[in-house]
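Structure file target_11.cif (mmCIF, C-alpha atoms and all ligand atoms) follows.
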```cif
data_target
#
loop_
_atom_site.label_atom_id
_atom_site.label_comp_id
_atom_site.auth_asym_id
_atom_site.auth_seq_id
_atom_site.Cartn_x
_atom_site.Cartn_y
_atom_site.Cartn_z
CA MET V 549 -55.45 -49.83 37.68
CA ILE V 550 -54.22 -48.80 41.10
CA ARG V 551 -55.07 -45.19 41.88
CA ALA V 552 -53.68 -42.68 44.37
CA ILE V 553 -55.32 -42.59 47.81
CA ARG V 554 -58.15 -40.05 48.31
CA GLY V 555 -56.82 -36.65 49.35
CA MET V 556 -53.31 -37.42 48.04
CA ARG V 557 -52.27 -36.02 44.68
CA ASP V 558 -49.45 -36.15 42.21
CA LEU V 559 -47.73 -32.87 41.46
CA LEU V 560 -46.72 -33.03 37.82
CA PRO V 561 -44.86 -30.89 35.26
CA PRO V 562 -45.30 -28.12 34.26
CA GLU V 563 -46.89 -27.37 37.68
CA THR V 564 -43.76 -28.63 39.48
CA SER V 565 -41.69 -25.79 38.02
CA ARG V 566 -44.02 -23.31 39.75
CA TRP V 567 -43.39 -25.15 43.02
CA GLN V 568 -39.65 -25.07 42.39
CA ARG V 569 -39.82 -21.32 41.82
CA VAL V 570 -41.69 -20.75 45.09
CA GLU V 571 -39.19 -22.88 46.98
CA GLU V 572 -36.24 -21.15 45.34
CA VAL V 573 -37.56 -17.71 46.38
CA THR V 574 -38.40 -19.04 49.84
CA ARG V 575 -34.88 -20.34 50.43
CA GLN V 576 -33.40 -17.02 49.29
CA VAL V 577 -35.61 -15.07 51.68
CA PHE V 578 -34.85 -17.40 54.61
CA HIS V 579 -31.17 -16.89 53.89
CA LEU V 580 -31.62 -13.10 53.98
CA TYR V 581 -33.16 -13.35 57.45
CA GLY V 582 -30.55 -15.76 58.82
CA TYR V 583 -32.53 -19.02 58.85
CA ARG V 584 -31.01 -22.46 58.33
CA GLU V 585 -32.72 -25.55 57.02
CA LEU V 586 -33.75 -28.61 59.01
CA ARG V 587 -34.79 -31.86 57.29
CA LEU V 588 -36.86 -33.90 59.68
CA PRO V 589 -38.56 -37.31 59.74
CA LEU V 590 -42.11 -37.48 58.38
CA ILE V 591 -43.07 -39.83 61.18
CA GLU V 592 -42.76 -39.30 64.92
CA ARG V 593 -44.03 -40.80 68.16
CA THR V 594 -47.75 -40.06 68.48
CA GLU V 595 -47.17 -38.61 71.93
CA LEU V 596 -45.13 -35.74 70.47
CA PHE V 597 -48.15 -34.37 68.60
CA ALA V 598 -50.73 -35.24 71.25
CA ARG V 599 -48.75 -33.30 73.85
CA SER V 600 -47.91 -30.29 71.72
CA ILE V 601 -50.93 -29.71 69.47
CA GLY V 602 -53.39 -30.50 72.27
CA ALA V 603 -55.58 -33.47 73.14
CA ASP V 604 -58.85 -31.61 72.36
CA THR V 605 -57.92 -30.24 68.96
CA ASP V 606 -59.50 -31.54 65.75
CA ILE V 607 -56.05 -32.45 64.51
CA VAL V 608 -55.34 -34.81 67.40
CA THR V 609 -58.84 -36.19 67.92
CA LYS V 610 -59.84 -36.73 64.28
CA GLU V 611 -57.16 -36.02 61.75
CA MET V 612 -53.94 -37.83 62.54
CA TYR V 613 -52.61 -40.76 60.57
CA THR V 614 -51.72 -42.87 63.57
CA PHE V 615 -50.84 -46.54 63.61
CA THR V 616 -48.71 -49.01 65.50
CA ASP V 617 -45.41 -50.01 63.97
CA ARG V 618 -44.21 -53.59 63.91
CA ARG V 619 -43.06 -53.34 67.50
CA GLY V 620 -46.42 -52.06 68.65
CA ASP V 621 -45.31 -48.45 69.24
CA TYR V 622 -47.77 -45.69 68.37
CA VAL V 623 -46.42 -43.53 65.54
CA THR V 624 -47.98 -40.70 63.52
CA LEU V 625 -47.36 -39.14 60.12
CA ARG V 626 -46.63 -35.54 61.07
CA PRO V 627 -49.70 -33.27 60.81
CA GLU V 628 -47.50 -30.17 61.21
CA ALA V 629 -43.83 -29.35 61.70
CA THR V 630 -43.49 -27.15 64.79
CA ALA V 631 -43.57 -30.06 67.26
CA SER V 632 -40.96 -31.94 65.22
CA VAL V 633 -38.74 -28.85 64.98
CA LEU V 634 -38.80 -28.45 68.75
CA ARG V 635 -38.17 -32.15 69.29
CA ALA V 636 -35.18 -32.03 66.94
CA VAL V 637 -33.82 -28.80 68.41
CA LEU V 638 -34.03 -30.13 71.98
CA GLU V 639 -32.73 -33.58 71.09
CA ASN V 640 -29.74 -32.25 69.17
CA GLY V 641 -28.90 -29.39 71.51
CA LEU V 642 -29.47 -26.74 68.81
CA ALA V 643 -30.88 -24.20 71.26
CA LYS V 644 -27.78 -23.95 73.41
CA GLY V 645 -26.31 -20.50 73.98
CA ALA V 646 -27.97 -17.12 74.11
CA GLY V 647 -29.79 -15.37 71.31
CA VAL V 648 -32.30 -16.27 68.69
CA LYS V 649 -32.04 -19.57 66.77
CA LYS V 650 -33.71 -19.58 63.37
CA PHE V 651 -34.79 -22.68 61.44
CA TYR V 652 -36.93 -23.48 58.45
CA THR V 653 -38.17 -26.72 57.00
CA LEU V 654 -40.17 -27.60 53.89
CA GLY V 655 -42.15 -30.70 53.16
CA PRO V 656 -45.33 -32.74 53.28
CA MET V 657 -47.71 -32.93 56.23
CA PHE V 658 -50.63 -35.34 56.71
CA ARG V 659 -54.11 -34.69 58.07
CA TYR V 660 -57.11 -36.93 57.58
CA GLU V 661 -59.52 -34.10 56.72
CA ARG V 662 -62.41 -34.16 54.26
CA PRO V 663 -60.73 -33.35 50.93
CA GLN V 664 -62.00 -30.28 49.10
CA LYS V 665 -60.58 -27.34 47.17
CA GLY V 666 -57.39 -26.26 48.98
CA ARG V 667 -57.63 -29.11 51.48
CA TYR V 668 -55.69 -32.31 51.00
CA ARG V 669 -54.72 -35.23 53.20
CA GLN V 670 -51.12 -34.85 52.14
CA PHE V 671 -50.25 -31.18 51.78
CA HIS V 672 -47.07 -29.16 51.91
CA GLN V 673 -45.86 -26.50 54.27
CA ILE V 674 -43.10 -23.94 54.30
CA ASN V 675 -42.34 -23.78 57.98
CA CYS V 676 -40.43 -21.09 59.90
CA GLU V 677 -39.44 -21.16 63.59
CA ALA V 678 -37.45 -18.58 65.59
CA LEU V 679 -36.51 -19.80 69.07
CA GLY V 680 -34.98 -18.45 72.24
CA VAL V 681 -36.36 -14.91 72.57
CA ASP V 682 -39.75 -13.59 73.67
CA ALA V 683 -39.57 -10.18 72.01
CA PRO V 684 -42.32 -8.42 70.06
CA GLU V 685 -39.62 -7.26 67.60
CA LEU V 686 -39.00 -10.92 66.72
CA ASP V 687 -42.73 -11.51 66.17
CA VAL V 688 -42.69 -8.57 63.78
CA GLU V 689 -39.58 -9.80 61.95
CA VAL V 690 -41.23 -13.20 61.50
CA ILE V 691 -44.38 -11.56 60.10
CA LEU V 692 -42.30 -9.34 57.79
CA LEU V 693 -40.45 -12.45 56.59
CA LEU V 694 -43.72 -14.20 55.85
CA LEU V 695 -45.03 -11.19 53.90
CA ASP V 696 -41.69 -10.87 52.12
CA ILE V 697 -41.96 -14.43 50.77
CA LEU V 698 -45.58 -13.91 49.76
CA ARG V 699 -44.78 -10.65 47.96
CA ARG V 700 -41.75 -11.99 46.15
CA VAL V 701 -43.72 -14.91 44.76
CA LYS V 702 -46.28 -12.30 43.66
CA LEU V 703 -49.26 -13.20 45.78
CA GLY V 704 -51.72 -10.43 44.95
CA GLU V 705 -54.39 -9.52 47.43
CA MET V 706 -54.00 -10.83 50.99
CA ARG V 707 -55.12 -10.02 54.52
CA LEU V 708 -53.08 -10.32 57.69
CA LEU V 709 -55.27 -11.21 60.67
CA LEU V 710 -53.83 -10.74 64.15
CA ASN V 711 -54.78 -11.54 67.70
CA SER V 712 -53.11 -12.09 71.05
CA LEU V 713 -53.81 -15.31 72.93
CA GLY V 714 -52.06 -14.09 76.09
CA CYS V 715 -49.99 -16.16 78.48
CA PRO V 716 -51.25 -19.22 80.39
CA GLU V 717 -52.48 -16.92 83.19
CA CYS V 718 -54.52 -14.76 80.78
CA GLN V 719 -55.82 -17.94 79.14
CA ALA V 720 -56.86 -19.42 82.49
CA ARG V 721 -58.87 -16.28 83.34
CA PHE V 722 -60.35 -16.18 79.85
CA LYS V 723 -61.30 -19.86 79.96
CA ALA V 724 -63.14 -19.24 83.21
CA GLY V 725 -64.99 -16.29 81.64
CA LEU V 726 -65.77 -18.21 78.47
CA GLY V 727 -66.81 -21.23 80.52
CA LEU V 728 -69.35 -19.07 82.36
CA PHE V 729 -70.66 -17.69 79.06
CA LEU V 730 -71.05 -21.20 77.62
CA ILE V 731 -72.47 -22.85 80.73
CA ASN V 732 -76.15 -22.59 79.82
CA LYS V 733 -75.89 -22.24 76.05
CA GLU V 734 -78.22 -24.68 74.30
CA GLY V 735 -77.50 -26.33 70.99
CA LEU V 736 -73.72 -26.52 71.03
CA CYS V 737 -72.47 -29.42 68.90
CA GLU V 738 -71.45 -32.62 70.67
CA ASP V 739 -67.75 -31.81 70.40
CA CYS V 740 -68.27 -28.38 71.93
CA GLN V 741 -70.37 -29.72 74.79
CA ARG V 742 -67.35 -31.81 75.71
CA ARG V 743 -64.83 -29.02 75.03
CA ARG V 744 -66.86 -26.63 77.16
CA GLU V 745 -65.75 -28.79 80.09
CA THR V 746 -62.25 -29.80 78.98
CA ASN V 747 -60.92 -26.82 77.04
CA PRO V 748 -63.41 -24.00 76.30
CA LEU V 749 -60.87 -22.19 74.09
CA ARG V 750 -61.32 -24.94 71.50
CA VAL V 751 -65.04 -24.08 71.24
CA LEU V 752 -63.94 -20.83 69.58
CA ASP V 753 -62.36 -22.85 66.78
CA CYS V 754 -65.53 -24.84 66.01
CA LYS V 755 -66.57 -24.84 62.36
CA SER V 756 -70.28 -25.58 63.03
CA LEU V 757 -72.47 -22.67 61.97
CA HIS V 758 -74.71 -22.93 64.99
CA CYS V 759 -71.76 -22.87 67.43
CA ARG V 760 -70.38 -19.87 65.57
CA GLU V 761 -73.65 -18.06 65.96
CA ILE V 762 -73.68 -18.69 69.70
CA LEU V 763 -70.09 -17.49 69.95
CA GLN V 764 -70.78 -14.14 68.32
CA HIS V 765 -71.45 -12.67 71.74
CA ALA V 766 -68.77 -14.61 73.60
CA PRO V 767 -66.10 -12.69 75.52
CA VAL V 768 -62.82 -12.12 73.67
CA LEU V 769 -59.31 -12.84 74.89
CA ARG V 770 -58.09 -9.32 74.37
CA ASP V 771 -60.20 -8.19 77.34
CA TYR V 772 -58.42 -10.70 79.58
CA LEU V 773 -54.78 -9.88 78.74
CA CYS V 774 -52.42 -9.18 81.65
CA PRO V 775 -50.43 -5.91 81.42
CA ASP V 776 -47.30 -7.68 80.03
CA CYS V 777 -49.21 -9.50 77.32
CA ALA V 778 -51.18 -6.36 76.46
CA ALA V 779 -47.93 -4.39 76.16
CA HIS V 780 -46.36 -7.11 73.98
CA PHE V 781 -49.35 -7.03 71.63
CA ALA V 782 -49.45 -3.23 71.52
CA ARG V 783 -45.76 -3.19 70.59
CA VAL V 784 -46.32 -5.74 67.78
CA LEU V 785 -49.17 -3.65 66.38
CA GLY V 786 -47.19 -0.44 66.76
CA LEU V 787 -44.20 -1.84 64.88
CA LEU V 788 -46.38 -3.20 62.09
CA GLN V 789 -47.91 0.26 61.71
CA ARG V 790 -44.47 1.80 61.66
CA PHE V 791 -43.48 -0.50 58.78
CA GLY V 792 -46.70 0.26 56.93
CA VAL V 793 -48.01 -3.30 57.21
CA ALA V 794 -51.78 -3.47 56.83
CA TYR V 795 -53.44 -5.82 59.30
CA VAL V 796 -56.85 -6.58 60.72
CA GLU V 797 -57.24 -7.22 64.43
CA GLU V 798 -59.31 -10.38 64.72
CA PRO V 799 -60.28 -10.88 68.38
CA ARG V 800 -61.84 -14.30 67.63
CA LEU V 801 -58.78 -15.78 65.96
CA VAL V 802 -57.64 -18.72 68.12
CA ARG V 803 -55.86 -21.04 65.63
CA GLY V 804 -56.39 -24.80 65.51
CA LEU V 805 -53.47 -25.78 67.73
CA ASP V 806 -53.26 -25.43 71.49
CA TYR V 807 -49.66 -24.33 71.88
CA TYR V 808 -50.01 -20.65 71.05
CA THR V 809 -49.36 -17.87 73.55
CA ARG V 810 -49.44 -14.12 72.85
CA THR V 811 -49.23 -13.20 69.15
CA ALA V 812 -51.28 -15.34 66.74
CA PHE V 813 -51.83 -14.57 63.07
CA GLU V 814 -53.14 -15.84 59.76
CA VAL V 815 -52.85 -14.62 56.19
CA THR V 816 -55.89 -15.14 54.01
CA ALA V 817 -56.20 -14.69 50.26
CA PRO V 818 -59.38 -14.21 48.22
CA GLY V 819 -60.02 -16.78 45.50
CA LEU V 820 -59.48 -19.77 47.75
CA GLY V 821 -63.09 -20.29 48.79
CA ALA V 822 -63.79 -21.71 52.25
CA GLN V 823 -60.17 -22.72 52.90
CA ASP V 824 -58.77 -19.23 52.56
CA ALA V 825 -55.86 -19.32 55.05
CA VAL V 826 -52.62 -19.37 53.09
CA ALA V 827 -50.48 -19.21 56.22
CA GLY V 828 -50.84 -19.30 59.96
CA GLY V 829 -48.58 -18.94 62.92
CA GLY V 830 -47.80 -17.29 66.18
CA ARG V 831 -45.82 -17.41 69.37
CA TYR V 832 -45.55 -20.55 71.50
CA ASN V 833 -43.63 -19.72 74.66
CA ARG V 834 -44.54 -22.86 76.63
CA LEU V 835 -44.19 -25.58 74.04
CA ALA V 836 -40.59 -26.57 74.80
CA GLN V 837 -41.47 -27.00 78.47
CA GLU V 838 -44.58 -29.03 77.61
CA LEU V 839 -42.23 -31.38 75.79
CA GLY V 840 -40.01 -31.71 78.84
CA GLY V 841 -37.43 -29.18 77.67
CA PRO V 842 -36.13 -25.90 79.07
CA ASP V 843 -37.74 -22.46 78.93
CA LEU V 844 -37.46 -21.81 75.19
CA PRO V 845 -39.90 -19.28 73.79
CA GLY V 846 -40.60 -19.42 70.08
CA VAL V 847 -42.52 -17.83 67.24
CA GLY V 848 -43.11 -19.03 63.71
CA PHE V 849 -45.52 -19.75 60.89
CA ALA V 850 -46.35 -22.25 58.21
CA ILE V 851 -47.37 -21.36 54.67
CA GLY V 852 -49.72 -23.88 53.04
CA GLU V 853 -47.86 -24.34 49.79
CA ASP V 854 -50.70 -26.10 47.96
CA ARG V 855 -53.05 -23.20 48.69
CA LEU V 856 -50.44 -20.61 47.87
CA LEU V 857 -49.78 -22.18 44.48
CA GLU V 858 -53.49 -22.09 43.74
CA VAL V 859 -53.60 -18.31 43.87
CA LEU V 860 -50.22 -17.42 42.37
CA PRO V 861 -49.90 -16.28 38.75
CA ALA V 862 -49.84 -19.12 36.20
CA ASP V 863 -46.63 -17.90 34.57
CA LEU V 864 -44.61 -18.12 37.76
CA GLY V 865 -41.52 -20.27 37.08
CA GLN V 866 -41.68 -21.01 33.37
CA ASP V 867 -41.28 -24.66 32.47
CA THR V 868 -38.53 -23.98 29.93
CA GLY V 869 -37.48 -26.38 27.18
CA PRO V 870 -33.91 -27.51 26.47
CA ASP V 871 -31.34 -25.05 25.11
CA VAL V 872 -30.34 -27.52 22.43
CA PHE V 873 -32.01 -30.52 20.84
CA VAL V 874 -29.76 -32.80 18.79
CA ALA V 875 -31.56 -34.58 15.96
CA ALA V 876 -29.43 -37.50 14.81
CA LEU V 877 -29.98 -39.93 11.92
CA GLY V 878 -28.17 -43.29 12.08
CA GLU V 879 -26.03 -44.93 14.72
CA PRO V 880 -22.76 -43.01 14.11
CA ALA V 881 -24.68 -39.71 14.29
CA ARG V 882 -26.39 -40.78 17.52
CA GLU V 883 -22.98 -41.51 19.04
CA ARG V 884 -21.78 -38.09 17.93
CA ALA V 885 -24.96 -36.55 19.39
CA LEU V 886 -24.33 -38.18 22.79
CA ALA V 887 -20.78 -36.78 22.79
CA LEU V 888 -22.03 -33.31 21.86
CA LEU V 889 -24.68 -33.36 24.60
CA LYS V 890 -22.04 -34.35 27.15
CA GLU V 891 -19.92 -31.40 26.09
CA LEU V 892 -22.88 -28.99 26.16
CA ARG V 893 -23.98 -30.09 29.64
CA GLU V 894 -20.45 -29.61 30.92
CA LYS V 895 -20.83 -26.01 29.72
CA GLY V 896 -24.11 -25.74 31.64
CA LEU V 897 -26.42 -25.98 28.63
CA ALA V 898 -29.51 -28.18 28.82
CA GLY V 899 -29.63 -30.63 25.95
CA GLU V 900 -31.75 -33.50 24.72
CA MET V 901 -31.99 -36.00 21.89
CA ASP V 902 -34.48 -38.58 20.67
CA PHE V 903 -33.22 -42.06 21.48
CA GLY V 904 -35.69 -43.74 19.12
CA GLN V 905 -34.67 -44.34 15.54
CA ARG V 906 -37.16 -41.92 14.07
CA SER V 907 -37.28 -39.74 10.99
CA LEU V 908 -35.78 -36.25 10.93
CA LYS V 909 -39.28 -34.82 10.68
CA ALA V 910 -40.44 -36.69 13.78
CA GLN V 911 -37.35 -35.54 15.69
CA LEU V 912 -37.85 -31.91 14.66
CA SER V 913 -41.43 -31.98 15.78
CA LEU V 914 -40.30 -33.38 19.15
CA ALA V 915 -37.75 -30.52 19.43
CA ASP V 916 -40.58 -28.13 18.75
CA ARG V 917 -42.88 -29.72 21.31
CA LEU V 918 -40.15 -29.62 23.96
CA GLY V 919 -39.60 -25.94 23.22
CA ALA V 920 -35.90 -26.27 22.33
CA ALA V 921 -34.15 -23.00 21.52
CA PHE V 922 -31.74 -24.57 19.00
CA THR V 923 -31.69 -27.84 17.09
CA VAL V 924 -28.51 -29.41 15.76
CA LEU V 925 -29.00 -31.69 12.75
CA LEU V 926 -26.60 -34.60 12.42
CA GLY V 927 -26.70 -37.19 9.61
CA ASP V 928 -24.25 -39.11 7.42
CA ARG V 929 -23.54 -36.01 5.31
CA GLU V 930 -22.71 -33.88 8.36
CA LEU V 931 -20.44 -36.60 9.72
CA ALA V 932 -18.64 -36.77 6.38
CA THR V 933 -18.13 -33.01 6.05
CA GLY V 934 -17.57 -32.29 9.76
CA LEU V 935 -20.15 -29.50 9.51
CA ALA V 936 -23.41 -29.60 11.46
CA GLN V 937 -26.59 -27.67 10.68
CA VAL V 938 -27.76 -25.48 13.55
CA ARG V 939 -31.35 -24.27 13.47
CA ARG V 940 -32.68 -21.44 15.62
CA MET V 941 -36.16 -22.76 16.33
CA ALA V 942 -37.89 -19.41 16.88
CA THR V 943 -37.02 -18.11 13.38
CA GLY V 944 -36.18 -21.28 11.43
CA GLU V 945 -32.88 -19.60 10.49
CA GLN V 946 -30.21 -22.24 9.75
CA GLN V 947 -26.43 -22.12 9.73
CA GLN V 948 -23.50 -24.50 9.21
CA VAL V 949 -21.01 -24.83 12.06
CA SER V 950 -17.95 -27.09 12.23
CA PHE V 951 -18.04 -29.85 14.84
CA THR V 952 -15.00 -28.46 16.65
CA ALA V 953 -16.61 -25.05 17.11
CA LEU V 954 -20.13 -26.36 17.82
CA ALA V 955 -20.23 -26.40 21.63
CA ALA V 956 -18.60 -22.96 21.93
CA PHE V 957 -20.92 -21.54 19.23
CA LEU V 958 -24.07 -22.87 20.94
CA GLY V 959 -22.83 -21.66 24.33
CA GLU V 960 -22.49 -18.11 22.98
CA GLN V 961 -25.81 -18.18 21.14
CA VAL V 962 -27.73 -19.45 24.18
CA LYS V 963 -26.11 -16.88 26.43
CA ALA V 964 -26.95 -14.11 23.95
CA GLY V 965 -30.59 -15.38 24.01
P1 LIG V 1001 -51.88 -24.47 60.57
O1 LIG V 1001 -52.70 -23.25 60.59
O2 LIG V 1001 -52.50 -25.73 61.07
O3 LIG V 1001 -50.56 -24.14 61.39
O4 LIG V 1001 -51.37 -24.74 59.10
C1 LIG V 1001 -50.70 -23.73 58.37
C2 LIG V 1001 -51.21 -23.69 56.95
O5 LIG V 1001 -51.12 -24.99 56.35
C3 LIG V 1001 -52.68 -23.32 56.81
O6 LIG V 1001 -52.86 -21.93 56.85
C4 LIG V 1001 -52.99 -23.88 55.42
O7 LIG V 1001 -52.57 -22.96 54.42
C5 LIG V 1001 -52.13 -25.10 55.35
N1 LIG V 1001 -52.93 -26.32 55.58
C6 LIG V 1001 -53.34 -26.83 56.76
N2 LIG V 1001 -54.07 -27.94 56.57
C7 LIG V 1001 -54.14 -28.15 55.23
C8 LIG V 1001 -54.74 -29.14 54.38
N3 LIG V 1001 -55.43 -30.18 54.87
N4 LIG V 1001 -54.60 -29.01 53.04
C9 LIG V 1001 -53.88 -27.98 52.50
N5 LIG V 1001 -53.29 -27.04 53.26
C10 LIG V 1001 -53.41 -27.10 54.59
C11 LIG V 1001 -49.54 -25.02 61.62
O8 LIG V 1001 -49.43 -26.09 61.07
C12 LIG V 1001 -48.50 -24.49 62.58
N6 LIG V 1001 -47.49 -25.54 62.79
C13 LIG V 1001 -47.87 -23.23 62.02
C14 LIG V 1001 -46.81 -22.68 62.92
C15 LIG V 1001 -45.46 -22.77 62.76
N7 LIG V 1001 -47.02 -22.00 64.04
C16 LIG V 1001 -45.84 -21.68 64.57
N8 LIG V 1001 -44.90 -22.17 63.80
#
```
Could you rewrite the structure in this file as structure tokens?
Amino acid sequence: MIRAIRGMRDLLPPETSRWQRVEEVTRQVFHLYGYRELRLPLIERTELFARSIGADTDIVTKEMYTFTDRRGDYVTLRPEATASVLRAVLENGLAKGAGVKKFYTLGPMFRYERPQKGRYRQFHQINCEALGVDAPELDVEVILLLLDILRRVKLGEMRLLLNSLGCPECQARFKAGLGLFLINKEGLCEDCQRRRETNPLRVLDCKSLHCREILQHAPVLRDYLCPDCAAHFARVLGLLQRFGVAYVEEPRLVRGLDYYTRTAFEVTAPGLGAQDAVAGGGRYNRLAQELGGPDLPGVGFAIGEDRLLEVLPADLGQDTGPDVFVAALGEPARERALALLKELREKGLAGEMDFGQRSLKAQLSLADRLGAAFTVLLGDRELATGLAQVRRMATGEQQQVSFTALAAFLGEQVKAG
């Protein structure tokens, strides 16, 4: 038998109804904050990600699904959505005019990481991007939006971690300081020995325990912020306090992508083990220019939907059964059942029948298994009298209803619950 590829998984019912519920809530919240949906290609030119995420990041050096297409062009399955959002916005002229432009996009991303709990090679993100304005108030609105989604889907305990990564000038000064700190440190992993030269900031994102130990005493970016970046960060923190949002300042938070400037954040949730970041994001004021576009500051986040679903309550988004199951015996009754189902669905009721030619008992047990609220029994006798038997499955209570009144009767009963 052919099996799914390692790190890729099937999402199946009833789990898929939990996903639908999360996405339904998410879309409602995005609407409340004025965001509109983008649906973007899953595959882009490799260069787009290499230039935006950063040549020294783990994502670009080790984790991308990159291959040549039939023409020999390098293409990559998207490892994240921000680069694609910016590409699409610039290409389609969506950023024209003053003011903030707000977009969201949902869908699968691909990273060739070692699969483990909460880490997949195809995973799903809920992605939010607000473009055009470099204001701390917008950073705060984006964070409030993120927390709003997480609260409405009933994520219990969570922690908001915050840092400022400064502007390119702060980062240049910090990199020099960090470079000096790292210069004679022994025992850095091979990757970090290289990064120490090429991009010392990436050393801070190293997962190796030994590198982490060395970094405990490394300088932190906060001490290198210019007055503008420091004021921006102070304003973000001040506003979060004003809105009663609990956060933890995390001076070593650098994020795994190179494009961030100023505000950077993550939300973690207990119960996820080592991969405890449910969402991550921040401001990226230089990304549009890196991609050859105009000055277009931005801020956003991505929620890891797979991880989020792992820690949400099991009863989120009940996988409900049909409103009505029609059990039919014999061909004329099956035809009548099809007609009744058509009428019920036109009224907005969910209905099902058994298309096999099985006994009444077998059909009733299927209705039970599906969790139908009502079952209509149709056989030769019912066809002859024009009266169907309607059974309320929860109580077993049964009642005769004429065919002409059946759809209206069921509609009322279902609505009444
Ligand atoms: P990221 O931190 O790389 O940021 O990913 C965001 C979230 O996606 C993570 O916090 C995690 O929940 C989830 N995630 C990442 N990799 C995996 C994986 N292999 N398996 C399961 N879940 C995973 C970004 O992608 C940025 N584009 C976010 C952003 C948007 N920044 C600004 N705008």
**OP:** Tell me, in Å to one decimal, how far atom CA of V:Gly840 is from atom N2 of ligand LIG 1001 (chain V).
**Re:** 26.6 Å
**OP:** Could you check which of V:Gly735, V:Gly896, V:Pro562, V:Gly647 is closest to V:Gly846, using all atoms listed in the file?
**Re:**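 Counting all atoms listed in the file, the residue closest to V:Gly846 is V:Gly647.
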**OP:** Determine the nearest neighbour of ligand LIG 1001 (chain V) from the options V:Thr564, V:Gln576, V:Thr624, V:Gln673, counting only C-alpha atoms and all ligand atoms.
**Re:**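 Ranked by minimum distance to ligand LIG 1001 (chain V), first place goes to V:Gln673.
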**OP:** Kindly indicate which residue among V:Thr594, V:Asn747, V:Asn732, V:Thr811 lies nearest to ligand LIG 1001 (chain V), using all atoms listed in the file for the distances.
**Re:**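 Of the candidates, the smallest distance to ligand LIG 1001 (chain V) is held by V:Thr811.
Among V:Gly919, V:Ile691, V:Thr614, V:Glu734, the residue with the shortest atom-to-atom distance to V:Ala942, counting all atoms listed in the file, is V:Gly919.
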**OP:** Select all residues near (-57.2, -13.9, 68.1) (cut-off 7 Å, inclusive, file coordinates), counting only C-alpha atoms, and output them as a PyMOL selection string.
**Re:** chain V and resi 710-713+798-802+812
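Take atom CA of V:Thr952 and atom CA of V:Ala887: the distance between them is 11.8 Å.
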**OP:** For a cut-off of 10 Å around (-41.6, -20.5, 41.9), file coordinates, pick out all residues using only C-alpha atoms and list them as a VMD selection string.
**Re:** chain V and resid 563 to 574 700 to 702 857 860 to 861 863 to 866
**OP:** Extract, using only C-alpha atoms, all DNA, RNA and protein residues at most 9 Å from V:Ala643, discarding same-chain residues fewer than 6 positions from it, and format them as a ChimeraX atom specification.
**Re:** /V:637,649,679-680,844
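Atom pair atom CA of V:Phe615 / atom CA of V:Glu595 has a distance of 12.1 Å (rounded to one decimal).
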Subject >> Test item: residues no farther than 6 Å from ligand LIG 1001 (chain V), counting all atoms listed in the file, as a PyMOL selection string >> reply: chain V and resi 628-630+659+661+666-669+671+673+675+677+804+825-830+847-852+854-855
Subject >> Closest of V:Arg831, V:Arg882, V:Arg707, V:Arg790 to V:Gly927 - atom-to-atom distances counting all atoms listed in the file >> reply: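 The closest residue to V:Gly927 is V:Arg882.
Closest approach to V:Arg884 among V:Pro767, V:Gly934, V:Pro845, V:Gly641: V:Gly934, based on only C-alpha atoms.
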Subject >> Spatial neighbours of V:Gln947, max dist 7 Å, only C-alpha atoms, sep filter under 2 positions, as a PyMOL selection string >> reply: chain V and resi 937-939+945+949
Subject >> V:Glu960 environment, 12 Å, only C-alpha atoms, sequence neighbours closer than 4 positions dropped, as a PyMOL selection string >> reply: chain V and resi 871+892+895-897+922+953-956+964-965
**OP:** May I have the residues within 10 Å of V:Leu787 as a list in words, using all atoms listed in the file and disregarding those fewer than 2 positions away in the same chain?
**Re:**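 The residues satisfying every condition are Pro684, Glu685, Asp687, Val688, Glu689, Phe781, Ala782, Arg783, Val784, Leu785, Gln789, Arg790, Phe791, Gly792 and Val793 of chain V.
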Can you write just those residues out, C-alpha atoms, as a PDB file, in the coordinates of the input?
```
ATOM      1  CA  PRO V 684     -42.320  -8.420  70.060  1.00  0.00           C
ATOM      2  CA  GLU V 685     -39.620  -7.260  67.600  1.00  0.00           C
ATOM      3  CA  ASP V 687     -42.730 -11.510  66.170  1.00  0.00           C
ATOM      4  CA  VAL V 688     -42.690  -8.570  63.780  1.00  0.00           C
ATOM      5  CA  GLU V 689     -39.580  -9.800  61.950  1.00  0.00           C
ATOM      6  CA  PHE V 781     -49.350  -7.030  71.630  1.00  0.00           C
ATOM      7  CA  ALA V 782     -49.450  -3.230  71.520  1.00  0.00           C
ATOM      8  CA  ARG V 783     -45.760  -3.190  70.590  1.00  0.00           C
ATOM      9  CA  VAL V 784     -46.320  -5.740  67.780  1.00  0.00           C
ATOM     10  CA  LEU V 785     -49.170  -3.650  66.380  1.00  0.00           C
ATOM     11  CA  GLN V 789     -47.910   0.260  61.710  1.00  0.00           C
ATOM     12  CA  ARG V 790     -44.470   1.800  61.660  1.00  0.00           C
ATOM     13  CA  PHE V 791     -43.480  -0.500  58.780  1.00  0.00           C
ATOM     14  CA  GLY V 792     -46.700   0.260  56.930  1.00  0.00           C
ATOM     15  CA  VAL V 793     -48.010  -3.300  57.210  1.00  0.00           C
TER      16      VAL V 793
END
```
**OP:** May I have the residues within 9 Å of V:Tyr660 as a list in words, using only C-alpha atoms and disregarding those fewer than 6 positions away in the same chain?
**Re:**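 Once the adjacent positions are removed, what remains is Gly555, Ile607, Lys610, Glu611, Met612, Tyr613, Pro627, Tyr668, Arg669 and Gln670 of chain V.
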